[in-house]
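File shown here: query_38.txt, holding compact mmCIF, C-alpha atoms.
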```txt
# COMPACT_ATOMS: atom_id res chain seq x y z
CA MET A 1167 23.75 5.16 -22.90
CA ILE A 1168 24.54 4.85 -19.19
CA GLN A 1169 26.77 7.90 -19.35
CA GLN A 1170 24.01 9.90 -21.02
CA TRP A 1171 21.59 8.88 -18.28
CA ILE A 1172 24.06 9.75 -15.52
CA HIS A 1173 24.65 13.12 -17.13
CA THR A 1174 20.91 13.84 -17.26
CA VAL A 1175 20.44 12.91 -13.61
CA SER A 1176 23.36 15.01 -12.40
CA VAL A 1177 22.34 18.02 -14.46
CA TRP A 1178 18.66 17.96 -13.42
CA ALA A 1179 18.71 16.74 -9.81
CA ILE A 1180 19.60 20.03 -8.10
CA PRO A 1181 17.31 22.30 -10.15
CA LEU A 1182 14.46 19.87 -9.48
CA PHE A 1183 15.14 19.97 -5.73
CA LEU A 1184 15.35 23.78 -5.82
CA LEU A 1185 12.06 23.97 -7.71
CA GLY A 1186 10.19 21.05 -6.15
CA ILE A 1187 10.55 21.99 -2.48
CA PRO A 1188 9.38 25.64 -2.80
CA LEU A 1189 6.60 24.48 -5.14
CA TYR A 1190 5.37 21.95 -2.57
CA GLY A 1191 5.69 24.64 0.11
CA ALA A 1192 3.59 27.08 -1.92
CA ALA A 1193 0.96 24.38 -2.46
CA ARG A 1194 0.80 23.93 1.32
CA LYS A 1195 0.41 27.72 1.76
CA VAL A 1196 3.91 28.27 3.19
CA LYS A 1197 5.30 31.80 2.71
CA VAL A 1198 8.27 30.45 0.81
CA TYR A 1199 10.47 33.55 0.70
CA GLU A 1200 10.02 34.29 4.39
CA SER A 1201 10.67 30.65 5.29
CA PHE A 1202 13.78 30.57 3.12
CA VAL A 1203 15.46 33.59 4.69
CA GLU A 1204 14.47 32.45 8.17
CA GLY A 1205 16.22 29.10 7.66
CA ALA A 1206 19.14 30.53 5.70
CA LYS A 1207 20.08 32.87 8.57
CA GLN A 1208 22.22 30.25 10.28
CA GLY A 1209 24.34 29.44 7.23
CA PHE A 1210 27.08 31.88 8.10
CA GLN A 1211 27.49 30.72 11.71
CA VAL A 1212 27.80 27.10 10.61
CA GLY A 1213 30.60 27.97 8.19
CA VAL A 1214 32.48 29.95 10.83
CA ARG A 1215 31.97 27.32 13.52
CA ILE A 1216 33.68 24.67 11.36
CA ILE A 1217 36.90 26.70 10.97
CA PRO A 1218 38.87 25.60 14.09
CA TYR A 1219 38.04 21.92 13.52
CA LEU A 1220 38.96 22.04 9.85
CA VAL A 1221 42.19 23.96 10.50
CA ALA A 1222 43.24 21.34 13.10
CA ILE A 1223 42.68 18.40 10.77
CA LEU A 1224 43.90 19.94 7.50
CA VAL A 1225 47.09 21.31 9.10
CA ALA A 1226 47.98 17.91 10.58
CA VAL A 1227 47.28 16.13 7.28
CA GLY A 1228 49.08 18.81 5.26
CA MET A 1229 52.19 18.51 7.43
CA LEU A 1230 52.07 14.73 7.17
CA ARG A 1231 51.95 14.86 3.37
CA ALA A 1232 54.70 17.46 3.08
CA ALA A 1233 56.95 15.38 5.36
CA GLY A 1234 56.75 12.47 2.94
CA ALA A 1235 55.16 10.43 5.72
CA ILE A 1236 52.56 8.88 3.40
CA GLU A 1237 55.34 7.23 1.36
CA SER A 1238 57.15 6.11 4.53
CA LEU A 1239 53.93 4.67 5.98
CA ALA A 1240 53.28 2.97 2.64
CA ARG A 1241 56.66 1.21 2.81
CA TRP A 1242 55.97 0.02 6.37
CA LEU A 1243 52.42 -1.10 5.69
CA GLU A 1244 53.04 -2.68 2.29
CA PRO A 1245 53.76 -6.21 3.64
CA LEU A 1246 50.62 -6.03 5.80
CA LEU A 1247 48.43 -4.91 2.91
CA ALA A 1248 50.03 -7.52 0.65
CA LEU A 1249 48.46 -10.12 2.94
CA ILE A 1250 45.00 -9.06 1.75
CA GLY A 1251 46.23 -9.09 -1.85
CA ALA A 1252 46.46 -5.32 -2.30
CA PRO A 1253 48.90 -4.53 -5.14
CA ALA A 1254 51.88 -2.48 -3.91
CA GLU A 1255 51.00 0.29 -6.41
CA ILE A 1256 47.84 1.30 -4.56
CA VAL A 1257 49.22 1.27 -1.00
CA PRO A 1258 50.07 5.03 -0.86
CA PHE A 1259 46.57 5.74 -2.18
CA ALA A 1260 45.03 3.50 0.48
CA ILE A 1261 46.80 5.43 3.25
CA MET A 1262 45.92 8.80 1.74
CA ARG A 1263 42.22 8.04 1.22
CA PRO A 1264 40.89 8.65 4.77
CA LEU A 1265 43.21 11.67 5.25
CA SER A 1266 42.84 13.81 2.14
CA GLY A 1267 40.25 13.85 -0.64
CA SER A 1268 42.25 15.98 -3.06
CA GLY A 1269 45.46 14.07 -2.24
CA SER A 1270 43.92 10.66 -2.91
CA MET A 1271 42.15 11.94 -6.03
CA GLY A 1272 45.57 13.09 -7.29
CA LEU A 1273 47.04 9.64 -6.62
CA VAL A 1274 44.21 7.96 -8.57
CA ALA A 1275 44.85 10.32 -11.49
CA GLU A 1276 48.54 9.39 -11.36
CA LEU A 1277 47.77 5.64 -11.33
CA VAL A 1278 45.36 6.09 -14.26
CA LYS A 1279 48.05 7.95 -16.19
CA THR A 1280 50.78 5.42 -15.41
CA TYR A 1281 48.86 2.18 -15.96
CA GLY A 1282 46.13 3.24 -18.41
CA ALA A 1283 42.47 4.09 -17.86
CA ASP A 1284 41.29 0.52 -18.51
CA SER A 1285 43.97 -1.20 -16.41
CA PHE A 1286 43.15 -3.30 -13.37
CA ILE A 1287 45.07 -0.89 -11.11
CA ALA A 1288 43.15 2.15 -12.40
CA ARG A 1289 39.78 0.46 -11.94
CA LEU A 1290 40.72 -0.80 -8.49
CA ALA A 1291 41.85 2.66 -7.39
CA ALA A 1292 38.74 4.33 -8.86
CA THR A 1293 36.45 1.80 -7.15
CA ALA A 1294 38.25 2.19 -3.83
CA TYR A 1295 38.15 6.00 -4.11
CA ALA A 1296 34.45 6.16 -4.93
CA SER A 1297 33.27 3.67 -2.32
CA THR A 1298 34.39 5.68 0.71
CA GLU A 1299 34.64 9.30 1.82
CA THR A 1300 37.54 11.22 3.36
CA THR A 1301 36.90 10.17 6.97
CA PHE A 1302 38.89 12.90 8.74
CA TYR A 1303 37.43 15.67 6.59
CA VAL A 1304 33.85 14.48 7.18
CA LEU A 1305 34.63 14.18 10.88
CA ALA A 1306 35.99 17.75 11.12
CA VAL A 1307 33.17 19.32 9.13
CA TYR A 1308 30.18 17.38 10.52
CA PHE A 1309 31.22 17.36 14.15
CA GLY A 1310 32.71 20.85 13.89
CA ALA A 1311 29.37 22.26 12.73
CA VAL A 1312 27.79 21.36 16.09
CA GLY A 1313 30.87 21.77 18.27
CA ILE A 1314 31.46 18.06 18.98
CA LYS A 1315 34.97 17.61 20.42
CA LYS A 1316 34.58 14.10 21.81
CA ALA A 1317 33.98 11.83 18.83
CA ARG A 1318 33.66 8.62 20.89
CA HIS A 1319 33.60 5.61 18.53
CA ALA A 1320 33.01 7.57 15.30
CA VAL A 1321 36.70 7.58 14.28
CA LEU A 1322 37.07 3.85 14.82
CA ALA A 1323 33.88 3.01 12.91
CA GLY A 1324 34.82 5.35 10.05
CA LEU A 1325 38.34 3.94 9.71
CA PHE A 1326 37.00 0.39 9.99
CA ALA A 1327 34.63 1.12 7.07
CA ASP A 1328 37.64 2.48 5.12
CA ALA A 1329 39.66 -0.68 5.77
CA VAL A 1330 36.75 -2.91 4.77
CA SER A 1331 36.20 -0.90 1.61
CA LEU A 1332 39.85 -1.36 0.62
CA ILE A 1333 39.76 -5.12 1.23
CA ALA A 1334 36.38 -5.44 -0.50
CA ALA A 1335 37.59 -3.36 -3.46
CA VAL A 1336 40.58 -5.68 -3.93
CA ILE A 1337 38.42 -8.82 -3.76
CA VAL A 1338 35.53 -7.53 -5.89
CA CYS A 1339 37.79 -5.99 -8.54
CA ARG A 1340 39.81 -9.20 -8.77
CA MET A 1341 36.60 -11.12 -9.37
CA VAL A 1342 35.19 -8.68 -11.91
CA PHE A 1343 38.19 -7.24 -13.78
CA ALA A 1344 41.11 -9.66 -13.44
CA MET B 398 40.61 9.32 20.79
CA LEU B 399 40.90 12.42 18.63
CA ASN B 400 43.39 13.91 21.09
CA TYR B 401 45.71 10.94 20.54
CA ILE B 402 45.20 10.68 16.79
CA TRP B 403 45.79 14.37 16.20
CA LEU B 404 48.90 14.38 18.35
CA ALA B 405 50.18 11.23 16.58
CA LEU B 406 49.69 12.83 13.14
CA VAL B 407 51.61 15.95 14.17
CA ILE B 408 54.46 13.99 15.83
CA LEU B 409 54.74 11.69 12.82
CA ALA B 410 54.83 14.65 10.44
CA VAL B 411 57.60 16.51 12.29
CA VAL B 412 59.73 13.43 13.01
CA VAL B 413 59.45 11.91 9.53
CA GLY B 414 59.83 15.38 7.97
CA GLY B 415 63.04 15.84 9.94
CA ILE B 416 64.39 12.42 8.92
CA ASN B 417 63.50 13.02 5.28
CA GLY B 418 65.06 16.51 5.35
CA LYS B 419 61.74 18.10 4.46
CA ILE B 420 61.16 20.17 7.57
CA GLU B 421 60.84 23.42 5.63
CA ALA B 422 58.12 21.87 3.46
CA VAL B 423 56.34 20.80 6.65
CA THR B 424 56.34 24.39 7.92
CA LYS B 425 55.03 25.70 4.63
CA ALA B 426 52.33 23.01 4.53
CA ALA B 427 51.14 23.91 8.04
CA ILE B 428 50.71 27.58 7.12
CA ASP B 429 49.16 26.84 3.71
CA SER B 430 46.78 24.20 5.09
CA ALA B 431 45.51 26.58 7.76
CA GLY B 432 44.65 29.15 5.09
CA ASN B 433 43.17 26.46 2.88
CA ALA B 434 40.92 25.21 5.70
CA VAL B 435 39.48 28.69 6.17
CA THR B 436 38.92 29.01 2.40
CA ILE B 437 37.02 25.71 2.38
CA ALA B 438 34.90 26.68 5.41
CA ILE B 439 34.09 30.10 3.94
CA GLY B 440 33.31 28.43 0.61
CA LEU B 441 30.76 26.25 2.37
CA ILE B 442 28.84 29.29 3.66
CA GLY B 443 27.09 30.00 0.36
CA VAL B 444 25.73 26.49 -0.31
CA MET B 445 25.10 26.04 3.40
CA THR B 446 22.89 29.14 3.47
CA LEU B 447 21.08 28.08 0.29
CA TRP B 448 20.24 24.58 1.53
CA LEU B 449 19.32 25.68 5.05
CA GLY B 450 16.80 28.05 3.43
CA ILE B 451 15.37 25.34 1.19
CA MET B 452 15.24 22.88 4.08
CA LYS B 453 13.31 25.39 6.19
CA ILE B 454 10.65 25.50 3.44
CA ALA B 455 10.62 21.69 3.43
CA GLU B 456 10.12 21.72 7.21
CA ASP B 457 7.42 24.39 7.29
CA SER B 458 5.46 22.65 4.54
CA GLY B 459 5.49 19.33 6.37
CA LEU B 460 7.55 17.68 3.62
CA MET B 461 10.21 16.64 6.13
CA ASN B 462 7.64 14.85 8.27
CA ILE B 463 6.35 12.96 5.25
CA LEU B 464 9.90 11.95 4.29
CA ALA B 465 10.69 10.98 7.87
CA ARG B 466 7.63 8.79 8.12
CA ALA B 467 8.23 7.17 4.72
CA ILE B 468 11.55 5.72 5.84
CA ALA B 469 10.64 5.27 9.48
CA PRO B 470 11.07 1.45 9.66
CA VAL B 471 14.74 1.48 8.56
CA MET B 472 15.61 4.68 10.38
CA ARG B 473 13.98 3.59 13.63
CA PHE B 474 16.13 0.47 13.61
CA LEU B 475 19.30 2.50 12.96
CA PHE B 476 18.47 5.51 15.14
CA PRO B 477 16.24 4.21 17.97
CA GLU B 478 16.86 7.28 20.15
CA VAL B 479 15.57 9.75 17.54
CA PRO B 480 11.77 10.28 17.72
CA ARG B 481 10.14 9.03 14.53
CA ASP B 482 8.81 12.36 13.25
CA HIS B 483 11.78 14.45 14.42
CA PRO B 484 13.19 16.77 11.69
CA ALA B 485 16.55 14.94 12.05
CA MET B 486 15.01 11.88 10.36
CA GLY B 487 13.99 13.92 7.31
CA SER B 488 17.27 15.80 7.00
CA MET B 489 19.35 12.63 7.42
CA MET B 490 17.31 11.05 4.67
CA MET B 491 17.79 14.06 2.38
CA ASN B 492 21.54 13.88 3.00
CA ILE B 493 21.68 10.17 2.18
CA ALA B 494 19.58 10.71 -0.96
CA ALA B 495 21.89 13.52 -2.14
CA ASN B 496 24.91 11.29 -1.48
CA MET B 497 23.37 8.44 -3.46
CA LEU B 498 22.85 10.73 -6.43
CA GLY B 499 26.43 11.99 -6.13
CA LEU B 500 25.33 15.57 -5.39
CA SER B 501 28.15 16.45 -3.01
CA ASN B 502 27.37 20.18 -3.18
CA ALA B 503 23.99 19.48 -1.63
CA ALA B 504 24.94 16.47 0.50
CA THR B 505 27.31 18.31 2.86
CA PRO B 506 24.91 21.19 3.74
CA LEU B 507 22.07 18.69 4.18
CA GLY B 508 24.30 16.55 6.38
CA LEU B 509 25.23 19.55 8.53
CA LYS B 510 21.53 20.39 8.84
CA ALA B 511 20.98 16.82 10.04
CA MET B 512 23.80 17.21 12.59
CA GLU B 513 22.15 20.40 13.90
CA ASP B 514 18.84 18.55 14.23
CA LEU B 515 20.59 15.70 16.05
CA GLU B 516 22.34 18.20 18.34
CA LYS B 517 18.90 19.32 19.58
CA LEU B 518 18.53 15.82 21.04
CA ASN B 519 22.00 15.82 22.62
CA PRO B 520 21.98 15.91 26.43
CA ARG B 521 25.79 16.43 26.58
CA PRO B 522 27.02 19.31 24.40
CA GLY B 523 30.46 18.61 22.95
CA VAL B 524 30.05 14.84 23.18
CA ALA B 525 28.81 12.90 20.14
CA THR B 526 25.58 10.91 20.60
CA ASN B 527 25.13 7.36 19.29
CA ALA B 528 22.99 8.72 16.46
CA MET B 529 25.67 11.27 15.48
CA CYS B 530 28.41 8.63 15.41
CA LEU B 531 26.29 6.33 13.25
CA PHE B 532 25.23 9.13 10.91
CA LEU B 533 28.87 10.19 10.54
CA THR B 534 29.87 6.60 9.78
CA ILE B 535 27.19 6.37 7.07
CA ASN B 536 28.63 9.53 5.53
CA THR B 537 32.24 8.37 5.69
CA ALA B 538 31.18 5.17 3.89
CA ASN B 539 29.91 7.37 1.05
CA VAL B 540 26.72 5.64 -0.10
CA GLN B 541 26.93 6.52 -3.77
CA LEU B 542 25.13 4.95 -6.71
CA ILE B 543 26.89 6.94 -9.42
CA PRO B 544 30.63 7.52 -8.89
CA ALA B 545 30.50 10.54 -11.21
CA SER B 546 33.90 12.04 -10.36
CA MET B 547 35.75 8.77 -11.00
CA ILE B 548 33.79 8.02 -14.19
CA GLY B 549 34.74 11.50 -15.38
CA LEU B 550 38.39 10.93 -14.48
CA LEU B 551 38.55 7.58 -16.31
CA ALA B 552 36.67 8.96 -19.32
CA SER B 553 38.96 11.96 -19.67
CA ALA B 554 41.98 9.62 -19.51
CA GLY B 555 40.64 7.81 -22.59
CA SER B 556 38.90 4.81 -21.03
CA ARG B 557 36.81 2.77 -23.47
CA ASN B 558 34.42 1.75 -20.70
CA PRO B 559 34.53 4.29 -17.85
CA THR B 560 31.21 3.13 -16.38
CA ALA B 561 32.64 -0.36 -15.70
CA ILE B 562 33.32 0.75 -12.11
CA ILE B 563 29.66 1.45 -11.26
CA GLY B 564 28.93 -2.16 -10.35
CA THR B 565 32.08 -2.68 -8.32
CA THR B 566 31.61 0.64 -6.51
CA ILE B 567 28.04 -0.18 -5.48
CA ALA B 568 29.08 -3.62 -4.23
CA VAL B 569 32.10 -2.30 -2.31
CA THR B 570 30.33 0.72 -0.82
CA ALA B 571 27.51 -1.56 0.40
CA MET B 572 30.04 -3.79 2.17
CA ALA B 573 31.87 -0.82 3.70
CA LEU B 574 28.57 0.68 4.85
CA THR B 575 27.43 -2.57 6.43
CA ALA B 576 30.78 -3.00 8.19
CA GLY B 577 30.80 0.61 9.42
CA VAL B 578 27.23 0.45 10.73
CA ALA B 579 27.91 -2.87 12.47
CA MET B 580 31.08 -1.47 14.05
CA ALA B 581 29.33 1.71 15.22
CA LYS B 582 26.41 -0.30 16.65
CA LEU B 583 28.82 -2.64 18.44
CA CYS B 584 31.03 0.14 19.85
CA GLU B 585 28.18 2.25 21.21
CA HIS B 586 27.58 -0.43 23.85
CA LEU B 587 31.22 -0.68 24.93
CA PRO B 588 31.94 1.04 28.28
CA ILE B 589 35.18 2.55 26.91
CA PHE B 590 33.16 4.56 24.36
CA SER B 591 30.24 5.49 26.64
CA ALA B 592 28.98 9.06 26.45
CA GLU B 593 29.02 9.43 30.23
CA ARG B 594 32.65 8.49 30.32
CA ALA B 595 33.48 10.85 27.45
CA ALA B 596 31.63 13.68 29.21
CA SER B 597 33.52 13.18 32.47
CA LYS B 598 37.18 14.04 32.72
CA GLY B 599 38.89 10.67 32.53
CA GLU B 600 37.79 9.90 29.01
CA PRO B 601 39.93 8.16 26.42
CA SER B 602 38.51 9.96 23.40
```

Could you quickly redo this structure as structure tokens?
Amino acid sequence: MIQQWIHTVSVWAIPLFLLGIPLYGAARKVKVYESFVEGAKQGFQVGVRIIPYLVAILVAVGMLRAAGAIESLARWLEPLLALIGAPAEIVPFAIMRPLSGSGSMGLVAELVKTYGADSFIARLAATAYASTETTFYVLAVYFGAVGIKKARHAVLAGLFADAVSLIAAVIVCRMVFA
Amino acid sequence: MLNYIWLALVILAVVVGGINGKIEAVTKAAIDSAGNAVTIAIGLIGVMTLWLGIMKIAEDSGLMNILARAIAPVMRFLFPEVPRDHPAMGSMMMNIAANMLGLSNAATPLGLKAMEDLEKLNPRPGVATNAMCLFLTINTANVQLIPASMIGLLASAGSRNPTAIIGTTIAVTAMALTAGVAMAKLCEHLPIFSAERAASKGEPS
């Protein structure tokens, strides 16, 4: 039932946006085609402007992953994360999450395969994955699009939200699933 | 701060890669990631263009103003320096709505549109404003009501109840969001993170 409903929402949401906004525009006598191309003009520049920021972040993260540094960091940080009750199995995932979306998604898939799709570990990892975004990717793309080089407190706030989401995921999942 | 973090990531990668005997893999990853980053950025151009066009219709028809005013009380509290009927309010709201529905294809272009609108209010190009930092934090906390990708992953792995994580995800994401917003609001007042300091040479970020 819920899955059916989710499916319907995700299939219809974008077409309804794409229809609804021009329809409202037409009702308000906006020349919709002319408006569209006028706004769409900047799309290319935005994509190109992001490139240096995204290359900087993805190269650093890619090198880090290839070096096996995530596993090394996981070994160092495991005792610390054990203090908040995080199972050792999800520590590499927790380190990967703010750095790489595809990397952390891959780790969740691995945990699901190893421990079973209805296991506590799988549900904990899935909850932790879904309740936060890839901080460094969002930072590169969003700030890159407008040429922001000095991020001020954005990195700290983003990583703090990631840490809280991990701790909260452990506590909430223990209450609900354990 | 990014200068230090970026440098730390690169140092860590090369040193640990050397210790682990994986230095060749590190080289390959650097080259591959650079290409991959360009592919991702180029891939964004299509959806970016589409949503910027749609958003221009929304702006010209006054829909953005209506949206901005509808959520004004919350947004004015979060973003006091953004004028209440500024297009940034409407585009930030559209981005958050798309995130909530799990429409990541639309959320990123809408978010970038919001950043462009916020940039128009930025007195110091290159330095993030308080509003930008907070908006970015909201996006990194991923306000999402339907964790569709994870439900799909669990379902395809044979879960009997893949939607069990909806409740936990909403609870956890709400806590992360609250913590992130509180942290951003707290930090914006700290002298070490001040925009003036970041704009001048001796900045820590």

Counting only C-alpha atoms, what is within 9 Å of B:Gln541, bar same-chain residues fewer than 2 positions away, as a compact mmCIF listing (two decimals) with C-alpha atoms, in the coordinates of the input?
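And here's out-v4.txt as it stands now:
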```
# COMPACT_ATOMS: atom_id res chain seq x y z
CA ALA A 1296 34.45 6.16 -4.93
CA SER A 1297 33.27 3.67 -2.32
CA THR A 1298 34.39 5.68 0.71
CA ILE B 493 21.68 10.17 2.18
CA ALA B 494 19.58 10.71 -0.96
CA ALA B 495 21.89 13.52 -2.14
CA ASN B 496 24.91 11.29 -1.48
CA MET B 497 23.37 8.44 -3.46
CA LEU B 498 22.85 10.73 -6.43
CA GLY B 499 26.43 11.99 -6.13
CA ALA B 538 31.18 5.17 3.89
CA ASN B 539 29.91 7.37 1.05
CA ILE B 543 26.89 6.94 -9.42
CA PRO B 544 30.63 7.52 -8.89
CA THR B 566 31.61 0.64 -6.51
CA ILE B 567 28.04 -0.18 -5.48
CA THR B 570 30.33 0.72 -0.82
```

**Request:** Excluding A:Phe1343 and residues on its chain fewer than 3 positions from it, collect all residues at most 12 Å away from it, counting all atoms listed in the file, and give them as a list in words.
**Result:** Asp1284, Ser1285, Phe1286, Ile1287, Ala1288, Arg1289, Leu1290, Thr1293, Ala1335, Val1336, Ile1337, Val1338, Cys1339 and Arg1340 of chain A; Asn558, Ala561, Ile562, Gly564 and Thr565 of chain B

Output of the above residues as a compact mmCIF listing (two decimals), keeping the file's coordinate frame, restricted to C-alpha atoms:
```txt
# COMPACT_ATOMS: atom_id res chain seq x y z
CA ASP A 1284 41.29 0.52 -18.51
CA SER A 1285 43.97 -1.20 -16.41
CA PHE A 1286 43.15 -3.30 -13.37
CA ILE A 1287 45.07 -0.89 -11.11
CA ALA A 1288 43.15 2.15 -12.40
CA ARG A 1289 39.78 0.46 -11.94
CA LEU A 1290 40.72 -0.80 -8.49
CA THR A 1293 36.45 1.80 -7.15
CA ALA A 1335 37.59 -3.36 -3.46
CA VAL A 1336 40.58 -5.68 -3.93
CA ILE A 1337 38.42 -8.82 -3.76
CA VAL A 1338 35.53 -7.53 -5.89
CA CYS A 1339 37.79 -5.99 -8.54
CA ARG A 1340 39.81 -9.20 -8.77
CA ASN B 558 34.42 1.75 -20.70
CA ALA B 561 32.64 -0.36 -15.70
CA ILE B 562 33.32 0.75 -12.11
CA GLY B 564 28.93 -2.16 -10.35
CA THR B 565 32.08 -2.68 -8.32
```

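Put simply, atom CA of A:Ile1187 is 22.4 Å away from atom CA of A:Ile1172.
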
**Request:** Enter the distance from atom CA of B:Gly414 to atom CA of A:Thr1300, in Å, rounded to one decimal.
**Result:**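 Separation of atom CA of B:Gly414 and atom CA of A:Thr1300: 23.1 Å.
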
For chain B against chain A, with a cut-off of 6 Å and counting all atoms listed in the file, what is the closest atom pair and its distance in Å to one decimal for every residue that makes the cut, ordered by chain and number, as a tab-separated table?
```
residue	atom	partner	partner_atom	distance
B:Leu406	CA	A:Ala1226	CA	5.9
B:Val407	CA	A:Ala1226	CA	5.5
B:Ala410	CA	A:Leu1230	CA	4.3
B:Val413	CA	A:Ala1235	CA	5.9
B:Gly414	CA	A:Ala1233	CA	3.9
B:Lys419	CA	A:Ala1233	CA	5.6
B:Ala422	CA	A:Ala1232	CA	5.6
B:Val423	CA	A:Met1229	CA	4.8
B:Ala426	CA	A:Met1229	CA	5.4
B:Ala427	CA	A:Val1225	CA	4.9
B:Ser430	CA	A:Val1225	CA	5.0
B:Ala431	CA	A:Val1221	CA	5.0
B:Ala434	CA	A:Val1221	CA	5.1
B:Val435	CA	A:Ile1217	CA	5.8
B:Ala438	CA	A:Gly1213	CA	5.3
B:Ile439	CA	A:Gly1213	CA	5.9
B:Ile442	CA	A:Gly1213	CA	5.0
B:Met445	CA	A:Gly1209	CA	5.2
B:Thr446	CA	A:Gly1209	CA	4.0
B:Leu449	CA	A:Ala1206	CA	4.9
B:Gly450	CA	A:Phe1202	CA	3.9
B:Ile451	CA	A:Phe1202	CA	5.8
B:Lys453	CA	A:Gly1205	CA	4.9
B:Ile454	CA	A:Ser1201	CA	5.5
B:Ala455	CA	A:Ile1187	CA	5.9
B:Ser458	CA	A:Gly1191	CA	4.9
B:Leu509	CA	A:Tyr1308	CA	5.8
B:Gly523	CA	A:Ile1314	CA	4.1
B:Val524	CA	A:Lys1316	CA	4.8
B:Ala525	CA	A:Ala1317	CA	5.4
B:Cys530	CA	A:Ala1320	CA	4.7
B:Thr534	CA	A:Gly1324	CA	5.1
B:Thr537	CA	A:Glu1299	CA	4.6
B:Ala538	CA	A:Thr1298	CA	4.5
B:Asn539	CA	A:Thr1298	CA	4.8
B:Pro544	CA	A:Ala1296	CA	5.7
B:Met547	CA	A:Ala1292	CA	5.8
B:Leu551	CA	A:Ala1283	CA	5.5
B:Ala554	CA	A:Ala1283	CA	5.8
B:Ser556	CA	A:Ala1283	CA	4.8
B:Ile562	CA	A:Thr1293	CA	6.0
B:Thr566	CA	A:Thr1293	CA	5.0
B:Val569	CA	A:Ala1334	CA	5.6
B:Thr570	CA	A:Ser1297	CA	4.4
B:Ala573	CA	A:Ala1327	CA	4.8
B:Ala576	CA	A:Ala1327	CA	5.7
B:Gly577	CA	A:Ala1327	CA	4.5
B:Met580	CA	A:Ala1323	CA	5.4
B:Ala581	CA	A:Ala1323	CA	5.3
B:Phe590	CA	A:Arg1318	CA	5.4
B:Ser602	CA	A:Arg1318	CA	5.6
```

**Request:** One decimal, Å: what's the distance from atom CA of B:Tyr401 over to atom CA of B:Gly418, could you say?
**Result:**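 Distance reported for this atom pair: 25.2 Å.
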
Grab all the atoms of stretch 1299-1316 of chain A that the file lists, wrap them in a box along x, y and z, add 8 Å per side, and give me centre plus edge lengths in Å (one decimal) as AutoDock Vina command-line options.
```
--center_x 33.3 --center_y 15.8 --center_z 11.8 --size_x 27.1 --size_y 29.0 --size_z 36.0
```

**Item:** Pick from B:Cys584, B:Leu507, B:Leu518, B:Ala571, whichever lies nearest to B:Met452 using all atoms listed in the file
**Value:**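 Ranking B:Cys584, B:Leu507, B:Leu518, B:Ala571 by distance to B:Met452, first place goes to B:Leu507.
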
Please output stretch 1190-1202 of chain A, rebuilt to include N, CA and C atoms, as a PDB file, keeping the file's coordinate frame.
```
ATOM      1  N   TYR A1190       6.185  22.699  -3.538  1.00  0.00           N
ATOM      2  CA  TYR A1190       5.370  21.950  -2.570  1.00  0.00           C
ATOM      3  C   TYR A1190       4.985  22.871  -1.411  1.00  0.00           C
ATOM      4  N   GLY A1191       5.958  23.692  -0.966  1.00  0.00           N
ATOM      5  CA  GLY A1191       5.690  24.640   0.110  1.00  0.00           C
ATOM      6  C   GLY A1191       4.560  25.593  -0.252  1.00  0.00           C
ATOM      7  N   ALA A1192       4.615  26.135  -1.474  1.00  0.00           N
ATOM      8  CA  ALA A1192       3.590  27.080  -1.920  1.00  0.00           C
ATOM      9  C   ALA A1192       2.226  26.392  -1.959  1.00  0.00           C
ATOM     10  N   ALA A1193       2.208  25.132  -2.401  1.00  0.00           N
ATOM     11  CA  ALA A1193       0.960  24.380  -2.460  1.00  0.00           C
ATOM     12  C   ALA A1193       0.380  24.187  -1.055  1.00  0.00           C
ATOM     13  N   ARG A1194       1.269  24.090  -0.066  1.00  0.00           N
ATOM     14  CA  ARG A1194       0.800  23.930   1.320  1.00  0.00           C
ATOM     15  C   ARG A1194       0.673  25.281   2.032  1.00  0.00           C
ATOM     16  N   LYS A1195       0.627  26.354   1.246  1.00  0.00           N
ATOM     17  CA  LYS A1195       0.410  27.720   1.760  1.00  0.00           C
ATOM     18  C   LYS A1195       1.544  28.202   2.679  1.00  0.00           C
ATOM     19  N   VAL A1196       2.764  27.747   2.451  1.00  0.00           N
ATOM     20  CA  VAL A1196       3.910  28.270   3.190  1.00  0.00           C
ATOM     21  C   VAL A1196       4.373  29.543   2.504  1.00  0.00           C
ATOM     22  N   LYS A1197       4.736  30.582   3.306  1.00  0.00           N
ATOM     23  CA  LYS A1197       5.300  31.800   2.710  1.00  0.00           C
ATOM     24  C   LYS A1197       6.752  31.502   2.385  1.00  0.00           C
ATOM     25  N   VAL A1198       6.981  31.079   1.146  1.00  0.00           N
ATOM     26  CA  VAL A1198       8.270  30.450   0.810  1.00  0.00           C
ATOM     27  C   VAL A1198       9.465  31.379   0.979  1.00  0.00           C
ATOM     28  N   TYR A1199       9.323  32.627   0.583  1.00  0.00           N
ATOM     29  CA  TYR A1199      10.470  33.550   0.700  1.00  0.00           C
ATOM     30  C   TYR A1199      10.821  33.796   2.165  1.00  0.00           C
ATOM     31  N   GLU A1200       9.789  34.026   2.966  1.00  0.00           N
ATOM     32  CA  GLU A1200      10.020  34.290   4.390  1.00  0.00           C
ATOM     33  C   GLU A1200      10.628  33.072   5.083  1.00  0.00           C
ATOM     34  N   SER A1201      10.122  31.884   4.745  1.00  0.00           N
ATOM     35  CA  SER A1201      10.670  30.650   5.290  1.00  0.00           C
ATOM     36  C   SER A1201      12.137  30.498   4.911  1.00  0.00           C
ATOM     37  N   PHE A1202      12.410  30.740   3.625  1.00  0.00           N
ATOM     38  CA  PHE A1202      13.780  30.570   3.120  1.00  0.00           C
ATOM     39  C   PHE A1202      14.763  31.422   3.911  1.00  0.00           C
TER      40      PHE A1202
END
```
